[in-house]
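Asker: Contents of work-v4.pdb (PDB, C-alpha atoms):
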ATOM      1  CA  MET A  87      48.355 149.815 134.618
ATOM      2  CA  ARG A  88      48.875 146.121 135.371
ATOM      3  CA  LEU A  89      51.660 143.718 134.425
ATOM      4  CA  ILE A  90      49.850 140.531 133.460
ATOM      5  CA  ILE A  91      52.204 137.549 133.447
ATOM      6  CA  LYS A  92      51.690 133.808 133.297
ATOM      7  CA  TYR A  93      52.602 131.802 136.415
ATOM      8  CA  GLU A  94      55.024 129.655 134.396
ATOM      9  CA  HIS A  95      56.908 132.742 133.176
ATOM     10  CA  LEU A  96      57.210 134.301 136.622
ATOM     11  CA  PHE A  97      58.127 130.932 138.123
ATOM     12  CA  ILE A  98      61.022 130.370 135.718
ATOM     13  CA  ILE A  99      62.397 133.863 136.385
ATOM     14  CA  LEU A 100      62.193 133.348 140.155
ATOM     15  CA  GLU A 101      63.788 129.909 139.916
ATOM     16  CA  LYS A 102      66.719 131.201 137.833
ATOM     17  CA  ALA A 103      67.192 134.096 140.258
ATOM     18  CA  LYS A 104      67.174 131.716 143.202
ATOM     19  CA  ASP A 105      69.899 129.547 141.678
ATOM     20  CA  SER A 106      72.121 132.351 140.400
ATOM     21  CA  ARG A 107      75.090 133.889 142.207
ATOM     22  CA  ILE A 108      74.940 136.884 139.851
ATOM     23  CA  GLU A 109      72.071 139.133 138.783
ATOM     24  CA  ILE A 110      69.973 137.573 136.031
ATOM     25  CA  CYS A 111      68.347 139.741 133.390
ATOM     26  CA  GLY A 112      66.269 139.707 130.238
ATOM     27  CA  PHE A 113      63.277 141.010 128.334
ATOM     28  CA  LEU A 114      59.540 140.537 128.695
ATOM     29  CA  LEU A 115      57.971 140.396 125.251
ATOM     30  CA  GLY A 116      54.276 140.929 124.756
ATOM     31  CA  LYS A 117      51.656 143.543 124.000
ATOM     32  CA  GLN A 118      50.044 146.557 125.584
ATOM     33  CA  LYS A 119      46.246 146.592 125.769
ATOM     34  CA  ASP A 120      43.975 149.132 127.450
ATOM     35  CA  GLY A 121      46.881 150.398 129.539
ATOM     36  CA  ASP A 122      47.866 146.904 130.684
ATOM     37  CA  VAL A 123      51.081 145.124 129.791
ATOM     38  CA  ILE A 124      50.543 141.510 128.800
ATOM     39  CA  VAL A 125      53.604 139.253 128.789
ATOM     40  CA  GLU A 126      53.628 136.532 126.169
ATOM     41  CA  GLU A 127      57.279 135.505 126.174
ATOM     42  CA  VAL A 128      60.313 135.741 128.478
ATOM     43  CA  ILE A 129      63.793 136.064 126.967
ATOM     44  CA  PHE A 130      66.805 135.549 129.236
ATOM     45  CA  THR A 131      69.924 137.464 128.263
ATOM     46  CA  LYS A 132      73.497 137.340 129.450
ATOM     47  CA  ASN A 133      74.564 139.669 132.278
ATOM     48  CA  LYS A 134      77.573 141.218 130.549
ATOM     49  CA  LEU A 135      78.941 142.448 133.902
ATOM     50  CA  ASN A 136      78.752 138.970 135.486
ATOM     51  CA  SER A 137      78.075 140.778 138.769
ATOM     52  CA  SER A 138      76.005 140.091 141.868
ATOM     53  CA  THR A 139      75.230 143.797 142.258
ATOM     54  CA  ALA A 140      74.782 145.071 138.709
ATOM     55  CA  PHE A 141      73.705 143.965 135.260
ATOM     56  CA  GLU A 142      74.133 145.119 131.687
ATOM     57  CA  ILE A 143      72.743 143.606 128.504
ATOM     58  CA  ASP A 144      75.012 143.749 125.480
ATOM     59  CA  PRO A 145      73.492 145.994 122.808
ATOM     60  CA  LEU A 146      74.086 143.407 120.093
ATOM     61  CA  GLU A 147      72.083 140.903 122.146
ATOM     62  CA  ILE A 148      69.376 143.560 122.517
ATOM     63  CA  VAL A 149      69.271 143.890 118.727
ATOM     64  CA  LYS A 150      68.730 140.130 118.413
ATOM     65  CA  VAL A 151      65.902 140.232 120.970
ATOM     66  CA  LEU A 152      64.255 143.180 119.186
ATOM     67  CA  ASP A 153      64.554 141.480 115.784
ATOM     68  CA  TYR A 154      63.019 138.302 117.260
ATOM     69  CA  ALA A 155      60.202 140.342 118.810
ATOM     70  CA  ASP A 156      59.521 142.001 115.445
ATOM     71  CA  GLU A 157      59.305 138.576 113.766
ATOM     72  CA  LYS A 158      56.776 137.424 116.381
ATOM     73  CA  GLY A 159      54.789 140.645 116.234
ATOM     74  CA  LEU A 160      55.619 141.344 119.888
ATOM     75  CA  GLU A 161      57.051 144.364 121.694
ATOM     76  CA  PRO A 162      59.753 144.627 124.399
ATOM     77  CA  VAL A 163      57.093 145.526 126.997
ATOM     78  CA  GLY A 164      59.363 145.003 129.974
ATOM     79  CA  ILE A 165      62.814 144.303 131.320
ATOM     80  CA  PHE A 166      63.443 141.965 134.237
ATOM     81  CA  HIS A 167      66.427 141.467 136.459
ATOM     82  CA  SER A 168      67.206 140.130 139.896
ATOM     83  CA  HIS A 169      68.660 141.567 143.036
ATOM     84  CA  LEU A 170      70.403 139.539 145.679
ATOM     85  CA  CYS A 171      68.788 141.973 148.102
ATOM     86  CA  GLY A 172      65.179 143.208 148.037
ATOM     87  CA  PRO A 173      63.297 143.754 144.739
ATOM     88  CA  ILE A 174      63.248 147.552 144.932
ATOM     89  CA  PRO A 175      64.659 149.824 142.174
ATOM     90  CA  SER A 176      68.178 151.036 142.980
ATOM     91  CA  GLU A 177      69.704 154.316 141.820
ATOM     92  CA  ARG A 178      71.375 152.376 139.013
ATOM     93  CA  ASP A 179      67.996 150.926 138.038
ATOM     94  CA  ILE A 180      66.421 154.363 137.899
ATOM     95  CA  LYS A 181      69.181 155.516 135.540
ATOM     96  CA  GLY A 182      68.390 152.518 133.334
ATOM     97  CA  MET A 183      64.649 153.183 133.567
ATOM     98  CA  LYS A 184      65.268 156.647 132.097
ATOM     99  CA  LEU A 185      66.572 155.004 128.937
ATOM    100  CA  TRP A 186      64.059 152.185 128.777
ATOM    101  CA  ARG A 187      60.643 153.522 129.770
ATOM    102  CA  ASN A 188      58.863 150.195 129.849
ATOM    103  CA  VAL A 189      57.934 148.097 132.894
ATOM    104  CA  TRP A 190      60.830 146.896 135.035
ATOM    105  CA  LEU A 191      60.161 143.620 136.860
ATOM    106  CA  ILE A 192      62.604 143.119 139.718
ATOM    107  CA  VAL A 193      62.849 139.834 141.602
ATOM    108  CA  ASP A 194      65.073 138.644 144.404
ATOM    109  CA  ASN A 195      66.510 135.242 145.205
ATOM    110  CA  LYS A 196      63.831 134.461 147.805
ATOM    111  CA  GLY A 197      60.798 134.486 145.534
ATOM    112  CA  ASN A 198      59.814 138.123 146.050
ATOM    113  CA  TYR A 199      59.096 140.447 143.127
ATOM    114  CA  GLY A 200      57.857 143.888 142.239
ATOM    115  CA  ALA A 201      57.157 145.794 139.035
ATOM    116  CA  PHE A 202      57.872 149.460 138.452
ATOM    117  CA  ILE A 203      57.742 152.088 135.732
ATOM    118  CA  LEU A 204      59.193 155.589 135.452
ATOM    119  CA  GLU A 205      56.441 158.121 134.757
ATOM    120  CA  ASP A 206      56.742 161.894 135.063
ATOM    121  CA  GLU A 207      60.270 161.230 136.347
ATOM    122  CA  LYS A 208      58.858 159.305 139.320
ATOM    123  CA  VAL A 209      59.148 155.574 139.984
ATOM    124  CA  LYS A 210      55.645 154.117 140.167
ATOM    125  CA  LYS A 211      54.696 150.648 141.335
ATOM    126  CA  VAL A 212      52.889 148.475 138.804
ATOM    127  CA  HIS A 213      50.435 145.835 140.005
ATOM    128  CA  VAL A 214      51.524 142.341 138.981
ATOM    129  CA  GLU A 215      48.694 139.991 138.063
ATOM    130  CA  VAL A 216      49.761 136.368 137.809
ATOM    131  CA  ILE A 217      47.498 134.243 135.597
ATOM    132  CA  GLN A 218      47.346 130.540 134.883
ATOM    133  CA  SER A 219      48.451 129.574 131.349
TER     134      SER A 219
ATOM    135  CA  MET B  90      66.865 171.253 104.410
ATOM    136  CA  VAL B  91      67.263 167.473 104.311
ATOM    137  CA  MET B  92      66.065 165.471 107.319
ATOM    138  CA  ILE B  93      66.685 162.009 108.688
ATOM    139  CA  THR B  94      64.377 160.079 111.016
ATOM    140  CA  VAL B  95      65.758 158.863 114.336
ATOM    141  CA  LYS B  96      63.884 156.459 116.617
ATOM    142  CA  VAL B  97      65.083 155.869 120.174
ATOM    143  CA  ILE B  98      63.976 152.372 121.099
ATOM    144  CA  GLY B  99      62.826 152.026 124.691
ATOM    145  CA  ARG B 100      62.023 155.697 125.045
ATOM    146  CA  LYS B 101      59.425 155.569 122.254
ATOM    147  CA  ILE B 102      60.822 158.754 120.776
ATOM    148  CA  GLU B 103      60.859 159.237 117.020
ATOM    149  CA  LYS B 104      62.085 162.548 115.687
ATOM    150  CA  GLU B 105      63.577 164.150 112.628
ATOM    151  CA  ILE B 106      66.970 165.814 112.718
ATOM    152  CA  GLU B 107      68.698 167.814 110.026
ATOM    153  CA  TRP B 108      71.077 165.824 107.830
ATOM    154  CA  GLN B 109      74.458 167.435 107.182
ATOM    155  CA  LYS B 110      77.163 166.513 104.689
ATOM    156  CA  GLY B 111      79.761 164.240 106.309
ATOM    157  CA  MET B 112      77.383 163.192 109.111
ATOM    158  CA  LYS B 113      78.283 159.945 110.855
ATOM    159  CA  VAL B 114      76.502 157.524 113.203
ATOM    160  CA  ALA B 115      78.325 159.013 116.221
ATOM    161  CA  ASP B 116      76.921 162.443 115.300
ATOM    162  CA  VAL B 117      73.359 161.103 115.253
ATOM    163  CA  LEU B 118      73.815 159.380 118.630
ATOM    164  CA  ARG B 119      75.118 162.633 120.085
ATOM    165  CA  ALA B 120      72.229 164.597 118.555
ATOM    166  CA  VAL B 121      69.706 162.516 120.535
ATOM    167  CA  GLY B 122      71.676 162.483 123.766
ATOM    168  CA  PHE B 123      73.655 159.278 123.521
ATOM    169  CA  ASN B 124      77.197 158.206 122.819
ATOM    170  CA  THR B 125      78.765 154.997 121.631
ATOM    171  CA  GLU B 126      79.106 153.826 125.225
ATOM    172  CA  SER B 127      75.409 154.180 126.066
ATOM    173  CA  ALA B 128      73.813 153.015 122.802
ATOM    174  CA  ILE B 129      74.315 151.412 119.429
ATOM    175  CA  ALA B 130      72.607 152.299 116.158
ATOM    176  CA  LYS B 131      70.909 150.472 113.327
ATOM    177  CA  VAL B 132      70.800 152.305 109.997
ATOM    178  CA  ASN B 133      68.051 151.160 107.656
ATOM    179  CA  GLY B 134      67.719 147.981 109.707
ATOM    180  CA  LYS B 135      71.420 147.070 109.915
ATOM    181  CA  VAL B 136      73.742 147.496 112.918
ATOM    182  CA  ALA B 137      76.108 150.365 112.153
ATOM    183  CA  LEU B 138      79.466 151.443 113.539
ATOM    184  CA  GLU B 139      80.117 154.885 114.927
ATOM    185  CA  ASP B 140      82.144 156.034 111.915
ATOM    186  CA  ASP B 141      79.676 154.780 109.324
ATOM    187  CA  PRO B 142      78.389 157.616 107.127
ATOM    188  CA  ILE B 143      74.757 158.729 107.288
ATOM    189  CA  LYS B 144      73.114 159.489 103.947
ATOM    190  CA  ASP B 145      70.172 161.819 103.518
ATOM    191  CA  GLY B 146      66.891 160.032 104.069
ATOM    192  CA  ASP B 147      68.430 157.291 106.212
ATOM    193  CA  TYR B 148      66.336 155.764 109.027
ATOM    194  CA  VAL B 149      68.306 155.407 112.264
ATOM    195  CA  GLU B 150      67.232 153.340 115.273
ATOM    196  CA  VAL B 151      69.085 154.084 118.495
ATOM    197  CA  ILE B 152      69.207 151.165 120.921
ATOM    198  CA  PRO B 153      70.262 152.209 124.415
ATOM    199  CA  VAL B 154      72.219 149.883 126.654
ATOM    200  CA  VAL B 155      70.066 148.189 129.266
ATOM    201  CA  SER B 156      71.721 148.323 132.675
ATOM    202  CA  GLY B 157      70.848 148.505 136.339
ATOM    203  CA  GLY B 158      71.232 146.343 139.414
TER     204      GLY B 158
END
As a first step, turn the structure in this file into structure tokens.
Answerer:
Amino acid sequence: MRLIIKYEHLFIILEKAKDSRIEICGFLLGKQKDGDVIVEEVIFTKNKLNSSTAFEIDPLEIVKVLDYADEKGLEPVGIFHSHLCGPIPSERDIKGMKLWRNVWLIVDNKGNYGAFILEDEKVKKVHVEVIQS
Amino acid sequence: MVMITVKVIGRKIEKEIEWQKGMKVADVLRAVGFNTESAIAKVNGKVALEDDPIKDGDYVEVIPVVSGG
């Protein structure tokens, strides 16, 4: 499996993470093809916890994102958020990954990133392929 | 036996559970391992509250909270 994301999408996520004092978060919308996850749109959502160490997306905002994705014929193929420390899944992330079994893209505020998915109850790294638009 | 279809978004689970007279949204959430703190529900495409009744044949989407950090 690969997470295929456009440079402009990854860049905007990294820039927002760099400038934010709290964890940023949102959805990656796109499609799955031959086992790869292809990102076509990035949707930023509010961090309901307003925290530098945790994030939560309000379910009603999730509903709006899902309705929008349906309209565009896209799927919520991934969730992204930032850490003010390294981009490695925390225990809290793993709990979240049990509920949302799509790709989790984690970035930090220094331009680093990693993608992960929970499979067979194990966190697996997902290769990130950055493409030009 | 009357069934209702429940889809858990994010976990790509879609299953049928038995409908019972007097069933509410909170009962459906509990039946698939959630509660009103960890998820909300849409019934037939509309956001529903925990005390909203569930009718036989309803289609319920369970949308878990997204959290981590």
Asker: Report the distance between CA of Ile102 (chain B) and CA of Ile165 (chain A) in Å, rounded to one decimal place.
Answerer: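 Computed distance, CA of Ile102 (chain B) to CA of Ile165 (chain A), equals 18.0 Å.
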Asker: Residues of chain A no more than 9 Å from chain B, counting only C-alpha atoms: send them over as a PDB file with C-alpha atoms, in the frame of the given file.
Answerer:
ATOM      1  CA  GLU A 109      72.071 139.133 138.783  1.00  0.00           C
ATOM      2  CA  SER A 137      78.075 140.778 138.769  1.00  0.00           C
ATOM      3  CA  SER A 138      76.005 140.091 141.868  1.00  0.00           C
ATOM      4  CA  THR A 139      75.230 143.797 142.258  1.00  0.00           C
ATOM      5  CA  ALA A 140      74.782 145.071 138.709  1.00  0.00           C
ATOM      6  CA  PHE A 141      73.705 143.965 135.260  1.00  0.00           C
ATOM      7  CA  GLU A 142      74.133 145.119 131.687  1.00  0.00           C
ATOM      8  CA  ILE A 143      72.743 143.606 128.504  1.00  0.00           C
ATOM      9  CA  ASP A 144      75.012 143.749 125.480  1.00  0.00           C
ATOM     10  CA  PRO A 145      73.492 145.994 122.808  1.00  0.00           C
ATOM     11  CA  LEU A 146      74.086 143.407 120.093  1.00  0.00           C
ATOM     12  CA  ILE A 148      69.376 143.560 122.517  1.00  0.00           C
ATOM     13  CA  VAL A 149      69.271 143.890 118.727  1.00  0.00           C
ATOM     14  CA  PRO A 162      59.753 144.627 124.399  1.00  0.00           C
ATOM     15  CA  VAL A 163      57.093 145.526 126.997  1.00  0.00           C
ATOM     16  CA  ILE A 165      62.814 144.303 131.320  1.00  0.00           C
ATOM     17  CA  HIS A 167      66.427 141.467 136.459  1.00  0.00           C
ATOM     18  CA  SER A 168      67.206 140.130 139.896  1.00  0.00           C
ATOM     19  CA  HIS A 169      68.660 141.567 143.036  1.00  0.00           C
ATOM     20  CA  PRO A 175      64.659 149.824 142.174  1.00  0.00           C
ATOM     21  CA  SER A 176      68.178 151.036 142.980  1.00  0.00           C
ATOM     22  CA  GLU A 177      69.704 154.316 141.820  1.00  0.00           C
ATOM     23  CA  ARG A 178      71.375 152.376 139.013  1.00  0.00           C
ATOM     24  CA  ASP A 179      67.996 150.926 138.038  1.00  0.00           C
ATOM     25  CA  ILE A 180      66.421 154.363 137.899  1.00  0.00           C
ATOM     26  CA  LYS A 181      69.181 155.516 135.540  1.00  0.00           C
ATOM     27  CA  GLY A 182      68.390 152.518 133.334  1.00  0.00           C
ATOM     28  CA  MET A 183      64.649 153.183 133.567  1.00  0.00           C
ATOM     29  CA  LYS A 184      65.268 156.647 132.097  1.00  0.00           C
ATOM     30  CA  LEU A 185      66.572 155.004 128.937  1.00  0.00           C
ATOM     31  CA  TRP A 186      64.059 152.185 128.777  1.00  0.00           C
ATOM     32  CA  ARG A 187      60.643 153.522 129.770  1.00  0.00           C
ATOM     33  CA  ASN A 188      58.863 150.195 129.849  1.00  0.00           C
TER      34      ASN A 188
END
Asker: Using only C-alpha atoms for the distances, tell me which of A:Gly197, A:Gly121, A:Gly172, A:Gly159 is nearest to Val212 (chain A).
Answerer: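 Using only C-alpha atoms, the shortest distance to Val212 (chain A) belongs to A:Gly121.
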Asker: For Glu150 (chain B), which residue out of B:Lys113, B:Val91, B:Arg119, B:Lys96 is the nearest one, using all atoms listed in the file?
Answerer: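 Of B:Lys113, B:Val91, B:Arg119, B:Lys96, the one nearest Glu150 (chain B), counting all atoms listed in the file, is B:Lys96.
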Asker: Put a box with edges along x, y and z around all the listed atoms of region 127-142 of chain B, pad it by 3 Å on each side, then give me its centre and sizes in Å, one decimal, as lines of an AutoDock Vina configuration file.
Answerer:
center_x = 74.9
center_y = 152.3
center_z = 116.6
size_x = 20.4
size_y = 16.5
size_z = 24.9
Asker: Tell me which residues the PyMOL selection byres ((chain B and resi 107) around 9) grabs here, as a tab-separated table (two decimals) with C-alpha atoms, keeping the file's coordinate frame.
Answerer:
chain	number	residue	atom	x	y	z
B	90	MET	CA	66.86	171.25	104.41
B	91	VAL	CA	67.26	167.47	104.31
B	92	MET	CA	66.06	165.47	107.32
B	93	ILE	CA	66.68	162.01	108.69
B	94	THR	CA	64.38	160.08	111.02
B	105	GLU	CA	63.58	164.15	112.63
B	106	ILE	CA	66.97	165.81	112.72
B	108	TRP	CA	71.08	165.82	107.83
B	109	GLN	CA	74.46	167.44	107.18
B	145	ASP	CA	70.17	161.82	103.52
Asker: Tell me, in Å to one decimal, how far CA of Met87 (chain A) is from CA of Val214 (chain A).
Answerer: 9.2 Å
Asker: Which one of A:Leu170, A:Ile192, A:Ile129, A:Ala155 sits closest to Lys211 (chain A) if you count all atoms listed in the file?
Answerer: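 Among the listed residues, the smallest separation from Lys211 (chain A) belongs to A:Ile192.
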Asker: Using the chain letters and numbering of this document, enumerate as JSON, numbers by chain the residues selected by the PyMOL selection byres ((chain B and resi 141) around 10).
Answerer: {"B": [111, 112, 113, 114, 115, 132, 137, 138, 139, 140, 142, 143, 144]}
Asker: Do you have the CA of Ser219 (chain A)-CA of Glu94 (chain A) distance handy?
Answerer: 7.2 Å
Asker: Missing atoms in region 159-174 of chain A: fill them in up to N, CA, C and O atoms and send the result as a tab-separated table (two decimals), in the frame of the given file.
Answerer:
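So rebuild-v8.tsv came out as:
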chain	number	residue	atom	x	y	z
A	159	GLY	N	55.85	139.64	116.08
A	159	GLY	CA	54.79	140.65	116.23
A	159	GLY	C	54.59	141.05	117.69
A	159	GLY	O	53.50	141.42	118.12
A	160	LEU	N	55.68	140.98	118.47
A	160	LEU	CA	55.62	141.34	119.89
A	160	LEU	C	56.46	142.59	120.14
A	160	LEU	O	57.26	143.00	119.29
A	161	GLU	N	56.27	143.18	121.31
A	161	GLU	CA	57.05	144.36	121.69
A	161	GLU	C	57.88	144.04	122.94
A	161	GLU	O	57.47	143.19	123.74
A	162	PRO	N	59.01	144.77	123.12
A	162	PRO	CA	59.75	144.63	124.40
A	162	PRO	C	59.00	145.39	125.49
A	162	PRO	O	59.33	146.53	125.80
A	163	VAL	N	57.96	144.80	126.06
A	163	VAL	CA	57.09	145.53	127.00
A	163	VAL	C	57.70	145.66	128.39
A	163	VAL	O	57.24	146.45	129.21
A	164	GLY	N	58.76	144.88	128.65
A	164	GLY	CA	59.36	145.00	129.97
A	164	GLY	C	60.78	144.44	130.02
A	164	GLY	O	61.21	143.75	129.09
A	165	ILE	N	61.46	144.81	131.06
A	165	ILE	CA	62.81	144.30	131.32
A	165	ILE	C	62.78	143.70	132.72
A	165	ILE	O	62.12	144.26	133.61
A	166	PHE	N	63.39	142.54	132.88
A	166	PHE	CA	63.44	141.96	134.24
A	166	PHE	C	64.90	141.77	134.65
A	166	PHE	O	65.78	141.59	133.80
A	167	HIS	N	65.11	141.85	135.94
A	167	HIS	CA	66.43	141.47	136.46
A	167	HIS	C	66.26	141.12	137.93
A	167	HIS	O	65.20	141.36	138.52
A	168	SER	N	67.31	140.56	138.50
A	168	SER	CA	67.21	140.13	139.90
A	168	SER	C	68.15	140.94	140.77
A	168	SER	O	69.15	141.48	140.29
A	169	HIS	N	67.79	141.01	142.00
A	169	HIS	CA	68.66	141.57	143.04
A	169	HIS	C	68.94	140.46	144.03
A	169	HIS	O	68.06	139.64	144.33
A	170	LEU	N	70.14	140.48	144.59
A	170	LEU	CA	70.40	139.54	145.68
A	170	LEU	C	69.92	140.12	147.00
A	170	LEU	O	69.95	139.48	148.04
A	171	CYS	N	69.45	141.38	146.94
A	171	CYS	CA	68.79	141.97	148.10
A	171	CYS	C	67.34	142.19	147.68
A	171	CYS	O	66.88	141.55	146.74
A	172	GLY	N	66.61	143.07	148.29
A	172	GLY	CA	65.18	143.21	148.04
A	172	GLY	C	64.86	143.72	146.64
A	172	GLY	O	65.69	144.38	146.01
A	173	PRO	N	63.68	143.37	146.12
A	173	PRO	CA	63.30	143.75	144.74
A	173	PRO	C	62.77	145.19	144.64
A	173	PRO	O	61.62	145.41	144.25
A	174	ILE	N	63.62	146.13	144.98
A	174	ILE	CA	63.25	147.55	144.93
A	174	ILE	C	64.21	148.25	143.98
A	174	ILE	O	65.41	147.95	144.00
